[in-house]
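Here the structure is laid out as structure tokens; the discussion comes afterwards.
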Amino acid sequence: MKKKRKPKLAVWKFSSCDGCQLTLLDCEDELLAVAENIEIANFPEASRHVVKGPYDLSLVEGSITTPHDAERIHQVRRSSKVLISIGACATAGGIQALRNFKDVREFTSIVYATPSYIETLNKSTSIADHVFVDFELRGCPISKHQLVEVLSAYLNGRKPATPTYSVCVECKRRGTVCGLVTHGPPCLGPVTQAGCNALCPSYHRGCYGCFGPKETPNTTSLSAYWMSLGMKNPDLLRLFRSYNAYAEPFRKESEAHEK
Amino acid sequence: MKSRSIKVDYLARVEGEGGIRIKIHDKTVSEVQFDIFEPPRFFEAFLRGRHFTEAPDITARICGICPIAYQMSSVHAMESACGVSVTGQLRALRRLIYCGEWIESHALHIYMLHAPDFLGYQDVLEMARDHGDAVKQALKLKKIGNELVTLVGGREIHPINVRLGGFYKLPTRKELLELVDRLKWARDAALETVKLTATFPFPDFEREYEFVALRHEEEYPFNEGKLVSNRGLDIPISEYENHFAEEHVSHSNALHSVMKSRGAYLVGPLARFNLNFDKLTPAAQQASRDVGLVPPVKNQFKSIIVRSVETVFACEEALRIIQEYETPEKPAIDVPPRPGVGYGCTEAPRGFLYHRYRINDKGLIVEAKIVPPTSQNQKSMELDLRDFVPARLNLTQEKLTWQCEQAIRNYDPCISCATHFIRLEFQ
């Protein structure tokens with residue numbers, strides 16, 4: 001029998017902290033097995049060697065923040081059969097999307113040391129804002145288990161089993177006492193997608209939304225609840241405006257607390 | 001007259017996006033640029049107006065490789081602004097989580113990013129075909145570092161358990177003791193790593209650097225100390241900006257740091273080792289001496305051995321902290337906000353990381369300044385290449401290009417860190 005060709009994997013970086021692609025190298029137990037089944041064809045953080053495209057699978061980390069990157073992502077799309085964006089920067093614009101809320105006019109009074117050296121767009125946007133994305137893997141950072149699940153789903157031609165329900169489901173499953181009910185610290189769990197195994201509540205702190213909005217989140221109701229317990233607008237604004245600030249449900253909710 | 005140029009468009013096996021451009025004219029190097037085109041992310045701008053308690057989580061997002069360094073520099077800066085000092089076991093736990101970051105980051109750089117250069121492989125997977133056992137050992141070593149970070153911090157990348165005043169939840173003594181056997185294994189693996197890396201072929205290349213690192217009275221530095229150098233610098237961290245400045249150059253989206261009136265300097269493993277050798281544990285000192293590594297080490301290519309020695313130290317220090325651990329009464333002490341300025345400076349795996357914040361009476365950040373290690377080393381990287389290339393012009397283009405890449409990888413540069421600090425000044 002003819003040996004089956006290994007699928008070619010490429011890992012691309014845009015504006016980001018490198019943490020999500022590092023997650024691949026952090027799969028210490030799985031890395032050698034992954035490499036047996038996939039040809040790591042273009043992964044500059046790990047290798048000097050670059051195999052030319054097209055690629056069967058591209059993982060894209062980071063957000064689009066420069067005119068050059070807005071062009072480059074189209075080249076990446078053209079050379080990729082399947083494109084998966086990984087992490088909050090790639091799926092929602094990341095923490096650097098906090099710039100998106102600044103009035104451009106405000107920036108006219110801002111001076112860089114030498115502004116002409118820098119090229120940047122006014123907004124930091126997700127990969128899906130620019131090209132078709134086959135699958136979005138959430139998280140700041142992404143979960144190692146979900147990454148391995150996505151790679152293995154792709155290898156076996158099935159849909160990745162990553163939940164779209166809320167962090168609350170994971171909390172219940174772990175048996176963590178609910179901070180909302182017991183008036184613990186402010187928690188975004190009810191509106192945030194699962195994936196971290198409800199990490200923060202198990203450490204006695206509120207969820208701060210690393211995995212972005214869940215499917216059909218009711219952010220207004222959650223805000224009203226926290227306000228009834230004495231939270232003020234600026235606190236709610238900061239709560240919704242962090243690592244997934246430009247994901248639409250979180251963006252709209254933070255804007256509602258803007259004055 | 002012959003002209004030649006060396007160009008690396010996208011430097012591999014580093015964190016972030018950068019390239020190298022060198023122009024050679026008639027056997028002299030006329031131009032050297034370490035280009036950084038990773039886009040800026042403006043952290044110092046959008047930190048303004050955020051609550052001071054958010055700084056450790058937000059600044060961690062500057063770097064997925066060394067989030068602990070950002071969390072530690074920011075909590076220390078905020079605590080100094082508020083006149084609070086974290087002591088005892090909480091302080092020890094902070095050193096413990098830093099040990100974990102050093103172990104995982106050093107293991108990553110030694111084996112996965114740097115060793116393939118010395119052994120002539122494109123990457124660690126290619127290296128694994130001939131050196132399977134060493135690579136498996138490396139992955140296990142790295143994993144133990146990550147386990148330590150996860151145990152204290154909650155997860156390995158962007159840990160969630162660090163806060164002003166301490167932690168959200170304390171590990172139990174039992175949980176920590178469960179890591180002891182693995183840390184002992186890691187220490188032995190690190191000792192093997194010292195021996196292995198010392199056998200690598202090193203280019204004959206020394207330079208007279210000004211080494212700058214933290215120095216503490218009693219310990220090898222992580223979170224606290226004074227900034228000292230081999231040329232007489234000895235200052236509290238609050239005076240950093242009186243002695244150092246940042247320049248904005250056209251080919252880099254990261255600011256270049258210089259020492260005022262003196263120019264380039266070097267931070268990172270070599271600087272720490274040369275300035276704090278006496279504070280290493282006896283076993284780490286002995287391991288260095290056994291392979292003939294004694295300060296001052298002036299060959300940046302040998303930073304790979306120094307990282308291995310520091311990994312031995314980090315394992316031993318973690319074991320010491322765990323053995324002496326007693327659960328503190330509270331996971332964190334109160335840090336009430338008060339208007340003022342605070343400074344934090346801690347030793348990230350690749351060199352010291354400086355934070356300064358001004359906060360107001362409501363605890364909101366008014367101004368932030370962050371200087372990462374890679375910005376501080378950029379000038380030295382370029383000067384290294386300038387001196388390195390002329391003596392090696394007889395090499396083939398491919399070989400010379402590879403060696404220039406290696407000369408940059410000596411620094412374990414984190415370009416993602418370096419570019420996030422193009423500062424916006426409000427008028």
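Chain labels A, B, ... are given in the sequence in which chains occur in the structure tokens; within each chain residues are numbered consecutively from 1, and ligands are likewise numbered from 1 in the order shown.
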Closest pair table for segment 162-199 of chain A residues within 8 Å of segment 137-156 of chain A, only C-alpha atoms, as a tab-separated table:
residue	atom	partner	partner_atom	distance
A:Thr162	CA	A:Gln146	CA	6.8
A:Gly195	CA	A:Ser143	CA	6.7
A:Cys196	CA	A:Ser143	CA	6.5
Export C-alpha atoms of the chosen residues as a PDB file, in the first residue's frame?
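And here's again.pdb as it stands now:
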ATOM      1  CA  THR A 162     -15.511  22.210  21.943  1.00  0.00           C
ATOM      2  CA  GLY A 195     -12.997  25.866  27.926  1.00  0.00           C
ATOM      3  CA  CYS A 196     -10.803  26.660  30.938  1.00  0.00           C
TER       4      CYS A 196
END
Quick one: residues within 10 Å of Val366 of chain B, only C-alpha atoms counted, chain neighbours fewer than 6 positions away excluded, as a PDB file with N, CA and C atoms, in the first residue's frame?
ATOM      1  N   ALA B  45      -0.245  52.834  26.735  1.00  0.00           N
ATOM      2  CA  ALA B  45      -1.333  53.798  26.497  1.00  0.00           C
ATOM      3  C   ALA B  45      -2.627  53.304  27.117  1.00  0.00           C
ATOM      4  N   LEU B  47      -3.161  51.122  29.410  1.00  0.00           N
ATOM      5  CA  LEU B  47      -3.162  50.868  30.858  1.00  0.00           C
ATOM      6  C   LEU B  47      -3.694  52.083  31.625  1.00  0.00           C
ATOM      7  N   ARG B  48      -3.579  53.265  30.982  1.00  0.00           N
ATOM      8  CA  ARG B  48      -4.104  54.470  31.638  1.00  0.00           C
ATOM      9  C   ARG B  48      -5.606  54.353  31.831  1.00  0.00           C
ATOM     10  N   GLY B  49      -6.024  54.619  33.046  1.00  0.00           N
ATOM     11  CA  GLY B  49      -7.453  54.541  33.329  1.00  0.00           C
ATOM     12  C   GLY B  49      -7.889  53.175  33.832  1.00  0.00           C
ATOM     13  N   ARG B  50      -7.005  52.185  33.740  1.00  0.00           N
ATOM     14  CA  ARG B  50      -7.373  50.865  34.282  1.00  0.00           C
ATOM     15  C   ARG B  50      -7.096  50.853  35.786  1.00  0.00           C
ATOM     16  N   HIS B  51      -7.745  49.945  36.491  1.00  0.00           N
ATOM     17  CA  HIS B  51      -7.573  49.853  37.931  1.00  0.00           C
ATOM     18  C   HIS B  51      -6.227  49.211  38.249  1.00  0.00           C
ATOM     19  N   PHE B  52      -5.596  49.676  39.325  1.00  0.00           N
ATOM     20  CA  PHE B  52      -4.235  49.188  39.603  1.00  0.00           C
ATOM     21  C   PHE B  52      -4.179  47.688  39.887  1.00  0.00           C
ATOM     22  N   PRO B 339      -2.307  57.652  46.251  1.00  0.00           N
ATOM     23  CA  PRO B 339      -1.703  58.265  45.071  1.00  0.00           C
ATOM     24  C   PRO B 339      -0.183  58.249  45.172  1.00  0.00           C
ATOM     25  N   GLY B 340       0.472  57.954  44.058  1.00  0.00           N
ATOM     26  CA  GLY B 340       1.927  57.952  44.089  1.00  0.00           C
ATOM     27  C   GLY B 340       2.526  57.177  42.927  1.00  0.00           C
ATOM     28  N   VAL B 341       3.835  57.027  42.997  1.00  0.00           N
ATOM     29  CA  VAL B 341       4.577  56.341  41.944  1.00  0.00           C
ATOM     30  C   VAL B 341       5.226  55.096  42.535  1.00  0.00           C
ATOM     31  N   TYR B 357       4.717  52.796  37.559  1.00  0.00           N
ATOM     32  CA  TYR B 357       3.328  53.258  37.426  1.00  0.00           C
ATOM     33  C   TYR B 357       3.099  54.464  38.331  1.00  0.00           C
ATOM     34  N   ARG B 358       2.248  55.363  37.842  1.00  0.00           N
ATOM     35  CA  ARG B 358       1.713  56.407  38.722  1.00  0.00           C
ATOM     36  C   ARG B 358       0.228  56.121  38.875  1.00  0.00           C
ATOM     37  N   ILE B 359      -0.241  56.073  40.104  1.00  0.00           N
ATOM     38  CA  ILE B 359      -1.666  55.820  40.318  1.00  0.00           C
ATOM     39  C   ILE B 359      -2.281  56.955  41.121  1.00  0.00           C
ATOM     40  N   ASN B 360      -3.613  57.104  41.010  1.00  0.00           N
ATOM     41  CA  ASN B 360      -4.273  58.183  41.757  1.00  0.00           C
ATOM     42  C   ASN B 360      -4.967  57.628  43.010  1.00  0.00           C
TER      43      ASN B 360
END
Select from segment 12-152 of chain A everything DSSP, run on the backbone, classes as helix (DSSP H, G or I), then give the selection as a PyMOL selection string.
chain A and resi 19-25+31-37+67-78+88-92+95-101+104-107+115-117+127-129+144-152
Any idea what's packed within 7 Å of Leu270 of chain B, counting only C-alpha atoms, ignoring anything in its chain fewer than 5 positions away? Could you give it as number ranges by chain?
B: 297, 303, 306
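Straight-line separation from atom CA of Leu148 of chain B to atom CA of Arg163 of chain B: 17.4 Å.
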Distance filter 8 Å, only C-alpha atoms, chain B against chain A, as a VMD selection string:
chain B and resid 10 to 16 38 to 43 46 50 58 61 to 65 112 to 113 122 to 125 139 to 140 142 to 143 154 157 to 158 160 to 161 168 to 169 248 to 251 253 416 to 417 422 to 427
Just want the 12 Å neighbourhood of Phe277 of chain B, counted on only C-alpha atoms, with same-chain residues fewer than 4 positions away dropped. Output as an NGL selection string.
:B and (213 or 215-216 or 218-221 or 269-273 or 281-289 or 293-297 or 306 or 309-310 or 313)
Export, as a tab-separated table (two decimals), in the first residue's frame, the selected residues with N, CA and C atoms.
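The result, stored in result31.tsv:
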chain	number	residue	atom	x	y	z
B	213	ALA	N	22.49	43.72	36.06
B	213	ALA	CA	21.51	42.79	36.62
B	213	ALA	C	21.13	43.24	38.02
B	215	ARG	N	20.99	42.70	41.99
B	215	ARG	CA	21.79	41.99	42.99
B	215	ARG	C	21.15	42.16	44.35
B	216	HIS	N	21.00	41.04	45.03
B	216	HIS	CA	20.36	41.03	46.35
B	216	HIS	C	21.38	40.56	47.37
B	218	GLU	N	21.22	38.57	49.85
B	218	GLU	CA	21.26	37.17	50.29
B	218	GLU	C	20.98	36.15	49.21
B	219	GLU	N	20.40	36.56	48.08
B	219	GLU	CA	19.88	35.56	47.15
B	219	GLU	C	20.35	35.82	45.72
B	220	TYR	N	20.29	34.76	44.92
B	220	TYR	CA	20.38	34.95	43.47
B	220	TYR	C	19.09	35.67	43.09
B	221	PRO	N	19.15	36.72	42.27
B	221	PRO	CA	18.01	37.63	42.16
B	221	PRO	C	16.83	37.09	41.35
B	269	PRO	N	21.08	36.14	31.30
B	269	PRO	CA	21.80	35.11	32.04
B	269	PRO	C	23.28	35.44	32.30
B	270	LEU	N	24.01	35.90	31.27
B	270	LEU	CA	25.43	36.18	31.47
B	270	LEU	C	25.64	37.26	32.53
B	271	ALA	N	24.81	38.32	32.45
B	271	ALA	CA	24.93	39.42	33.40
B	271	ALA	C	24.63	38.93	34.82
B	272	ARG	N	23.56	38.16	34.96
B	272	ARG	CA	23.20	37.67	36.31
B	272	ARG	C	24.31	36.78	36.86
B	273	PHE	N	24.80	35.88	36.01
B	273	PHE	CA	25.81	34.91	36.41
B	273	PHE	C	27.10	35.63	36.81
B	281	THR	N	23.64	28.29	44.30
B	281	THR	CA	23.81	27.20	45.27
B	281	THR	C	25.15	26.51	45.02
B	282	PRO	N	25.72	25.87	46.05
B	282	PRO	CA	27.02	25.19	45.87
B	282	PRO	C	27.01	24.22	44.68
B	283	ALA	N	25.92	23.47	44.50
B	283	ALA	CA	25.88	22.50	43.39
B	283	ALA	C	25.91	23.20	42.03
B	284	ALA	N	25.21	24.33	41.93
B	284	ALA	CA	25.20	25.07	40.67
B	284	ALA	C	26.59	25.66	40.39
B	285	GLN	N	27.23	26.16	41.46
B	285	GLN	CA	28.60	26.68	41.30
B	285	GLN	C	29.55	25.58	40.86
B	286	GLN	N	29.41	24.43	41.53
B	286	GLN	CA	30.32	23.31	41.22
B	286	GLN	C	30.12	22.84	39.78
B	287	ALA	N	28.85	22.75	39.36
B	287	ALA	CA	28.55	22.31	37.99
B	287	ALA	C	29.21	23.25	36.98
B	288	SER	N	29.21	24.55	37.28
B	288	SER	CA	29.85	25.52	36.38
B	288	SER	C	31.36	25.30	36.35
B	289	ARG	N	31.93	25.19	37.53
B	289	ARG	CA	33.39	25.02	37.59
B	289	ARG	C	33.82	23.73	36.89
B	293	LEU	N	33.39	26.88	33.50
B	293	LEU	CA	32.66	28.12	33.31
B	293	LEU	C	32.76	28.94	34.60
B	294	VAL	N	33.60	29.99	34.57
B	294	VAL	CA	33.71	30.86	35.74
B	294	VAL	C	33.61	32.31	35.28
B	295	PRO	N	33.02	33.17	36.14
B	295	PRO	CA	32.89	34.55	35.73
B	295	PRO	C	34.25	35.23	35.65
B	296	PRO	N	34.44	36.21	34.78
B	296	PRO	CA	33.42	36.71	33.87
B	296	PRO	C	33.34	35.91	32.56
B	297	VAL	N	32.13	35.52	32.17
B	297	VAL	CA	31.91	34.88	30.88
B	297	VAL	C	31.56	35.99	29.90
B	306	VAL	N	25.09	28.87	30.64
B	306	VAL	CA	24.65	29.63	31.82
B	306	VAL	C	23.18	29.37	32.10
B	309	VAL	N	22.96	26.21	33.93
B	309	VAL	CA	23.35	26.37	35.34
B	309	VAL	C	22.21	27.03	36.12
B	310	GLU	N	21.59	28.03	35.52
B	310	GLU	CA	20.47	28.69	36.20
B	310	GLU	C	19.28	27.75	36.39
B	313	PHE	N	20.02	25.87	39.41
B	313	PHE	CA	19.72	26.73	40.56
B	313	PHE	C	18.22	26.79	40.82
Write out as a ChimeraX atom specification the residues lying within 12 Å of Ala115 of chain B, counting only C-alpha atoms and excluding same-chain residues fewer than 5 positions away.
/A:46-47 /B:13,106-110,120-128,131,134-135,138,193,196-202,301-305,307-308,406,409-410,412
Restricting the output to N, CA and C atoms, write the selected residues as a CSV table (one decimal), in the first residue's frame.
chain,number,residue,atom,x,y,z
A,46,ALA,N,9.4,27.6,15.8
A,46,ALA,CA,10.0,26.3,16.2
A,46,ALA,C,11.1,25.9,15.2
A,47,SER,N,11.0,26.3,14.0
A,47,SER,CA,12.0,25.8,13.0
A,47,SER,C,12.4,26.8,11.9
B,13,ARG,N,12.8,30.5,15.3
B,13,ARG,CA,13.1,30.1,16.6
B,13,ARG,C,13.4,31.3,17.6
B,106,HIS,N,13.8,28.4,30.2
B,106,HIS,CA,15.2,28.1,29.9
B,106,HIS,C,15.2,26.7,29.1
B,107,ALA,N,14.4,25.7,29.6
B,107,ALA,CA,14.4,24.4,28.9
B,107,ALA,C,13.9,24.6,27.4
B,108,LEU,N,12.9,25.5,27.2
B,108,LEU,CA,12.5,25.8,25.9
B,108,LEU,C,13.6,26.3,25.0
B,109,HIS,N,14.3,27.3,25.6
B,109,HIS,CA,15.3,28.0,24.8
B,109,HIS,C,16.5,27.1,24.6
B,110,ILE,N,17.0,26.5,25.6
B,110,ILE,CA,18.2,25.6,25.5
B,110,ILE,C,18.0,24.5,24.4
B,120,GLY,N,23.5,21.7,14.3
B,120,GLY,CA,23.3,21.7,12.9
B,120,GLY,C,21.9,21.2,12.4
B,121,TYR,N,20.9,21.4,13.3
B,121,TYR,CA,19.5,21.0,12.9
B,121,TYR,C,18.7,22.2,12.6
B,122,GLN,N,17.6,22.0,11.8
B,122,GLN,CA,16.7,23.1,11.5
B,122,GLN,C,15.8,23.3,12.7
B,123,ASP,N,15.5,22.3,13.4
B,123,ASP,CA,14.6,22.4,14.6
B,123,ASP,C,14.7,21.2,15.5
B,124,VAL,N,14.0,21.3,16.6
B,124,VAL,CA,14.1,20.2,17.6
B,124,VAL,C,13.5,18.9,17.2
B,125,LEU,N,12.6,18.9,16.3
B,125,LEU,CA,12.0,17.6,15.8
B,125,LEU,C,13.0,16.9,14.9
B,126,GLU,N,13.8,17.6,14.1
B,126,GLU,CA,14.8,17.0,13.3
B,126,GLU,C,15.9,16.5,14.3
B,127,MET,N,16.2,17.3,15.3
B,127,MET,CA,17.2,16.9,16.3
B,127,MET,C,16.8,15.6,17.0
B,128,ALA,N,15.5,15.5,17.2
B,128,ALA,CA,15.0,14.3,18.0
B,128,ALA,C,15.3,13.0,17.3
B,131,HIS,N,18.9,12.6,18.5
B,131,HIS,CA,19.1,12.7,19.9
B,131,HIS,C,17.8,12.6,20.6
B,134,ALA,N,17.7,12.9,24.6
B,134,ALA,CA,18.0,14.3,25.0
B,134,ALA,C,16.7,15.1,24.9
B,135,VAL,N,16.0,15.0,23.8
B,135,VAL,CA,14.8,15.8,23.5
B,135,VAL,C,13.7,15.3,24.4
B,138,ALA,N,14.4,16.9,27.6
B,138,ALA,CA,14.1,18.3,27.6
B,138,ALA,C,12.6,18.6,27.8
B,193,THR,N,22.3,18.6,31.5
B,193,THR,CA,22.2,19.7,30.5
B,193,THR,C,23.5,20.6,30.5
B,196,LEU,N,26.1,18.6,28.9
B,196,LEU,CA,25.9,18.4,27.4
B,196,LEU,C,26.2,19.7,26.7
B,197,THR,N,25.6,20.8,27.2
B,197,THR,CA,25.8,22.1,26.4
B,197,THR,C,27.3,22.5,26.4
B,198,ALA,N,28.0,22.2,27.5
B,198,ALA,CA,29.4,22.6,27.5
B,198,ALA,C,30.2,21.9,26.5
B,199,THR,N,29.7,20.8,25.9
B,199,THR,CA,30.5,20.1,24.8
B,199,THR,C,30.2,20.7,23.4
B,200,PHE,N,29.3,21.6,23.4
B,200,PHE,CA,29.0,22.2,22.1
B,200,PHE,C,30.1,23.0,21.5
B,201,PRO,N,30.2,23.1,20.2
B,201,PRO,CA,31.3,23.9,19.6
B,201,PRO,C,31.0,25.4,19.7
B,202,PHE,N,31.8,26.2,20.4
B,202,PHE,CA,31.5,27.6,20.6
B,202,PHE,C,32.5,28.5,19.7
B,301,PHE,N,27.6,33.2,23.1
B,301,PHE,CA,27.2,31.9,22.7
B,301,PHE,C,27.1,30.9,23.9
B,302,LYS,N,27.9,31.2,24.9
B,302,LYS,CA,27.9,30.3,26.1
B,302,LYS,C,26.8,30.6,27.0
B,303,SER,N,25.9,31.5,26.6
B,303,SER,CA,24.7,31.8,27.5
B,303,SER,C,23.9,30.5,27.6
B,304,ILE,N,24.0,29.6,26.6
B,304,ILE,CA,23.3,28.3,26.7
B,304,ILE,C,23.7,27.5,27.9
B,305,ILE,N,25.1,27.5,28.2
B,305,ILE,CA,25.5,26.8,29.4
B,305,ILE,C,25.0,27.5,30.7
B,307,ARG,N,22.4,29.3,31.0
B,307,ARG,CA,20.9,29.0,31.2
B,307,ARG,C,20.8,27.6,31.9
B,308,SER,N,21.6,26.7,31.5
B,308,SER,CA,21.6,25.3,32.1
B,308,SER,C,21.9,25.4,33.6
B,406,GLN,N,22.2,32.7,14.8
B,406,GLN,CA,22.6,32.1,16.1
B,406,GLN,C,23.0,33.2,17.0
B,409,ARG,N,20.0,34.6,18.4
B,409,ARG,CA,19.3,33.7,19.3
B,409,ARG,C,20.0,33.5,20.6
B,410,ASN,N,21.3,33.8,20.7
B,410,ASN,CA,22.1,33.8,22.0
B,410,ASN,C,21.3,34.6,23.0
B,412,ASP,N,18.0,34.9,23.3
B,412,ASP,CA,16.7,34.5,23.6
B,412,ASP,C,15.7,35.6,23.5
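Remark: for Glu317 of chain B, the closest of the candidate residues B:Gly83, B:Pro337, B:Gly100, B:Gly292 is B:Gly100 (distances computed over only C-alpha atoms).
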Report, in Å to a single decimal, how far apart atom CA of Asp57 of chain B and atom CA of Gly342 of chain B are.
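Pair atom CA of Gly342 of chain B / atom CA of Asp57 of chain B returns 17.4 Å.
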Interatomic distance, atom CA of Ser73 of chain B to atom CA of Gly225 of chain B (Å, one decimal)
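Distance reported for this atom pair: 12.3 Å.
Proximity to segment 215-229 of chain A at 7 Å, evaluated using only C-alpha atoms and with sequence-adjacent residues fewer than 6 positions away removed, yields Thr164, Tyr165, Val191 and Glu253 of chain A.
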Save the residues we just selected, C-alpha atoms, as a CSV table (one decimal), in the first residue's frame?
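Saved to part12.csv:
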chain,number,residue,atom,x,y,z
A,164,THR,CA,-20.2,26.8,23.4
A,165,TYR,CA,-22.1,26.7,26.7
A,191,VAL,CA,-21.9,35.0,29.8
A,253,GLU,CA,-22.3,45.8,27.0
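Within 7 Å of Ser254 of chain A, once only C-alpha atoms are used and residues closer than 6 positions along the same chain are dropped, the contacting residues are A:Leu236, A:Leu237, A:Phe240, A:Arg241.
Proximity of A:Ser58, A:Ser166, A:Asn197, A:Ser79 to Gly212 of chain A, computed with only C-alpha atoms, is greatest for A:Ser166.
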